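Report on one structure; see the data block that follows.
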Amino acid sequence: MTATTLALVGATGGAGTTRTAIELAAMGVRDGRDVAVVDAAFATQGLSEYVPGRIGTDLTTLITDRTDASLTAATYAADIGRDVDTPARADLLPARAPFERVARAKTVEAARELERRIEEAASGYDAVIVDGSPVASNESVAAVTTADRVIGVRPATPHGRDALQRLRGRVADVGSGIDGTLAVARREETVETDAATDADIVVPPTAPEISTAPTAVADDGEYARSIAEAYEELFGTSVGVSFEEDGLIDRFR
């Protein structure tokens with residue numbers, strides 16, 4: 001098995017990259033696929049907030065102190081399958097480390113080890129999603145140069161559109177490119193049509209609380225539908241999830 005690896009890279013801080021990665025993973029599980037989400041945003045460590053329970057060994061440990069350890073040592077099951085009857089799983093590989101280890105995880109040597117770990121994940125899952133930060137550090141460079149596809153994630157605002165252009169330049173500087181763009185609407189805002197026109201995918205707002213995530217795992221509304229469409233577009237596949245609000249013809253396609 002060789003999975004498609006997708007790097008979601010935020011054009012700005014707080015673009016919604018981590019939440020989008022979690023929701024895409026949930027949709028993959030809902031469709032019966034095994035999905036891994038890899039944290040390549042060591043400064044923020046946002047993926048760790050979606051791990052239920054205590055984190056022992058984390059991803060930064062695997063790429064610094066325990067390079068010979070199995071990937072499973074830093075793998076944690078996401079609380080995603082609770083509302084879906086499926087044997088599929090979503091596993092998270094979070095970064096949860098003190099400053100000293102984070103600093104060592106940002107070296108060139110550690111970035112090479114991160115590349116190897118991403119490739120290792122691709123051999124054991126149907127899909128791998130790398131949660132990346134704006135390209136300004138070795139781990140984010142590793143994410144965009146290792147993944148099969150790089151997706152720029154930005155707010156559906158004029159500021160987000162401008163930030164995406166800067167991200168394109170950074171990604172090009174390290175020899176990679178942006179393969180698609182995803183605009184995330186914030187809950188307190190409406191999608192600004194002009195600001196979202198150049199995005200391949202626009203995701204509507206959802207509840208910001210981590211305790212409510214993931215929404216797409218069981219929801220049948222606009223948000224889950226948009227995540228299903230995003231999964232299909234980003235991974236170049238079809239999602240066989242039926243939504244209760246489908247019309248009669250759609251239900252029997």
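Letters A, B, ... go to the chains of the structure tokens in the order shown; residues in each chain start at 1; ligands are counted from 1 in the same order.
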A:Thr145: which residues within 8 Å, counting only C-alpha atoms, same-chain residues fewer than 4 positions away excluded, as a PDB file with N, CA and C atoms, in the first residue's frame?
ATOM      1  N   VAL A 141       9.370  22.792   5.413  1.00  0.00           N
ATOM      2  CA  VAL A 141       9.988  22.502   4.118  1.00  0.00           C
ATOM      3  C   VAL A 141       9.909  21.002   3.837  1.00  0.00           C
ATOM      4  N   VAL A 174      11.631  26.668  -2.261  1.00  0.00           N
ATOM      5  CA  VAL A 174      12.215  25.401  -1.798  1.00  0.00           C
ATOM      6  C   VAL A 174      12.027  24.291  -2.828  1.00  0.00           C
ATOM      7  N   GLY A 175      11.634  24.686  -4.051  1.00  0.00           N
ATOM      8  CA  GLY A 175      11.560  23.722  -5.134  1.00  0.00           C
ATOM      9  C   GLY A 175      10.284  22.939  -5.224  1.00  0.00           C
ATOM     10  N   SER A 176       9.216  23.423  -4.603  1.00  0.00           N
ATOM     11  CA  SER A 176       7.931  22.738  -4.688  1.00  0.00           C
ATOM     12  C   SER A 176       6.904  23.709  -5.246  1.00  0.00           C
TER      13      SER A 176
END
Restrict the calculation to only C-alpha atoms, then for each residue of stretch 143-166 of chain A with any atom at most 10 Å from an atom of stretch 18-41 of chain A give the closest atom pair and their distance in Å to one decimal, rows by chain and rising residue number, as JSON lines.
{"residue": "A:Ala143", "atom": "CA", "partner": "A:Ala40", "partner_atom": "CA", "distance": 6.7}
{"residue": "A:Val144", "atom": "CA", "partner": "A:Ala40", "partner_atom": "CA", "distance": 9.9}
{"residue": "A:Val153", "atom": "CA", "partner": "A:Thr20", "partner_atom": "CA", "distance": 8.9}
(message) Excluding stretch 229-237 of chain A and its own-chain neighbours fewer than 3 positions away, which residues fall within 12 Å of it when counting only C-alpha atoms? Please give them as a PyMOL selection string.
(response) chain A and resi 3-8+20-31+33+35+126-129+147-153+178-184+199-204+216+222-226+240-241
With C-alpha atoms retained, export the selected residues as a tab-separated table (two decimals), in the first residue's frame.
chain	number	residue	atom	x	y	z
A	3	ALA	CA	-1.03	6.26	0.30
A	4	THR	CA	-1.51	9.65	-1.24
A	5	THR	CA	0.17	12.19	1.03
A	6	LEU	CA	-1.39	15.62	1.26
A	7	ALA	CA	0.34	18.59	2.89
A	8	LEU	CA	-2.07	21.23	4.14
A	20	THR	CA	-9.44	21.01	8.30
A	21	ALA	CA	-6.96	18.12	8.52
A	22	ILE	CA	-9.01	16.54	11.32
A	23	GLU	CA	-12.27	16.95	9.40
A	24	LEU	CA	-10.79	15.45	6.23
A	25	ALA	CA	-9.53	12.51	8.27
A	26	ALA	CA	-13.01	12.07	9.72
A	27	MET	CA	-14.52	11.99	6.26
A	28	GLY	CA	-11.96	9.42	5.17
A	29	VAL	CA	-12.89	7.20	8.12
A	30	ARG	CA	-16.58	7.69	7.38
A	31	ASP	CA	-15.83	6.40	3.89
A	33	ARG	CA	-10.41	4.56	4.80
A	35	VAL	CA	-6.06	7.96	7.57
A	126	ASP	CA	-4.94	4.78	2.71
A	127	ALA	CA	-4.30	8.50	3.06
A	128	VAL	CA	-1.81	10.68	4.93
A	129	ILE	CA	-2.50	14.32	5.78
A	147	ALA	CA	4.00	15.18	0.09
A	148	ASP	CA	2.45	14.16	-3.20
A	149	ARG	CA	0.25	17.25	-3.20
A	150	VAL	CA	0.59	20.62	-1.44
A	151	ILE	CA	-2.56	22.57	-0.62
A	152	GLY	CA	-2.49	26.18	0.53
A	153	VAL	CA	-5.05	26.82	3.27
A	178	ILE	CA	1.01	24.77	-4.57
A	179	ASP	CA	-1.24	22.17	-6.21
A	180	GLY	CA	-4.52	23.57	-4.91
A	181	THR	CA	-6.05	26.11	-2.56
A	182	LEU	CA	-8.65	25.82	0.14
A	183	ALA	CA	-10.35	28.84	1.71
A	184	VAL	CA	-11.81	28.45	5.21
A	199	ALA	CA	-9.74	29.20	-4.19
A	200	ASP	CA	-10.34	25.73	-5.60
A	201	ILE	CA	-12.40	24.80	-2.55
A	202	VAL	CA	-14.30	26.93	-0.01
A	203	VAL	CA	-15.23	25.37	3.33
A	204	PRO	CA	-18.06	27.03	5.27
A	216	ALA	CA	-17.87	15.75	9.38
A	222	GLU	CA	-23.57	21.80	4.35
A	223	TYR	CA	-20.28	21.52	6.20
A	224	ALA	CA	-19.96	17.73	5.92
A	225	ARG	CA	-20.90	17.89	2.27
A	226	SER	CA	-18.21	20.47	1.62
A	240	GLY	CA	-19.15	6.89	-1.20
A	241	VAL	CA	-20.87	8.59	1.70
(request) Report the residues of stretch 36-67 of chain A whose backbone DSSP state falls under strand (DSSP E or B), written as a ChimeraX atom specification. (result) /A:36-40
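Between atom CA of A:Ser137 and atom CA of A:Thr107 there is a distance of 8.7 Å.
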Residues of stretch 14-74 of chain A that approach stretch 155-173 of chain A to 12 Å or less, counting only C-alpha atoms: could you list each one with the shortest pair of atoms and its distance in Å to one decimal, rows by chain and increasing residue number, as JSON lines?
{"residue": "A:Gly14", "atom": "CA", "partner": "A:Pro155", "partner_atom": "CA", "distance": 8.4}
{"residue": "A:Ala15", "atom": "CA", "partner": "A:Pro155", "partner_atom": "CA", "distance": 5.4}
{"residue": "A:Gly16", "atom": "CA", "partner": "A:Pro155", "partner_atom": "CA", "distance": 7.5}
{"residue": "A:Thr17", "atom": "CA", "partner": "A:Pro155", "partner_atom": "CA", "distance": 9.7}
{"residue": "A:Thr20", "atom": "CA", "partner": "A:Pro155", "partner_atom": "CA", "distance": 11.7}
(message) Please report the interatomic distance between atom CA of A:Asn138 and atom CA of A:Ala122 in Å with one decimal.
(response)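 Computed distance, atom CA of A:Asn138 to atom CA of A:Ala122, equals 20.3 Å.
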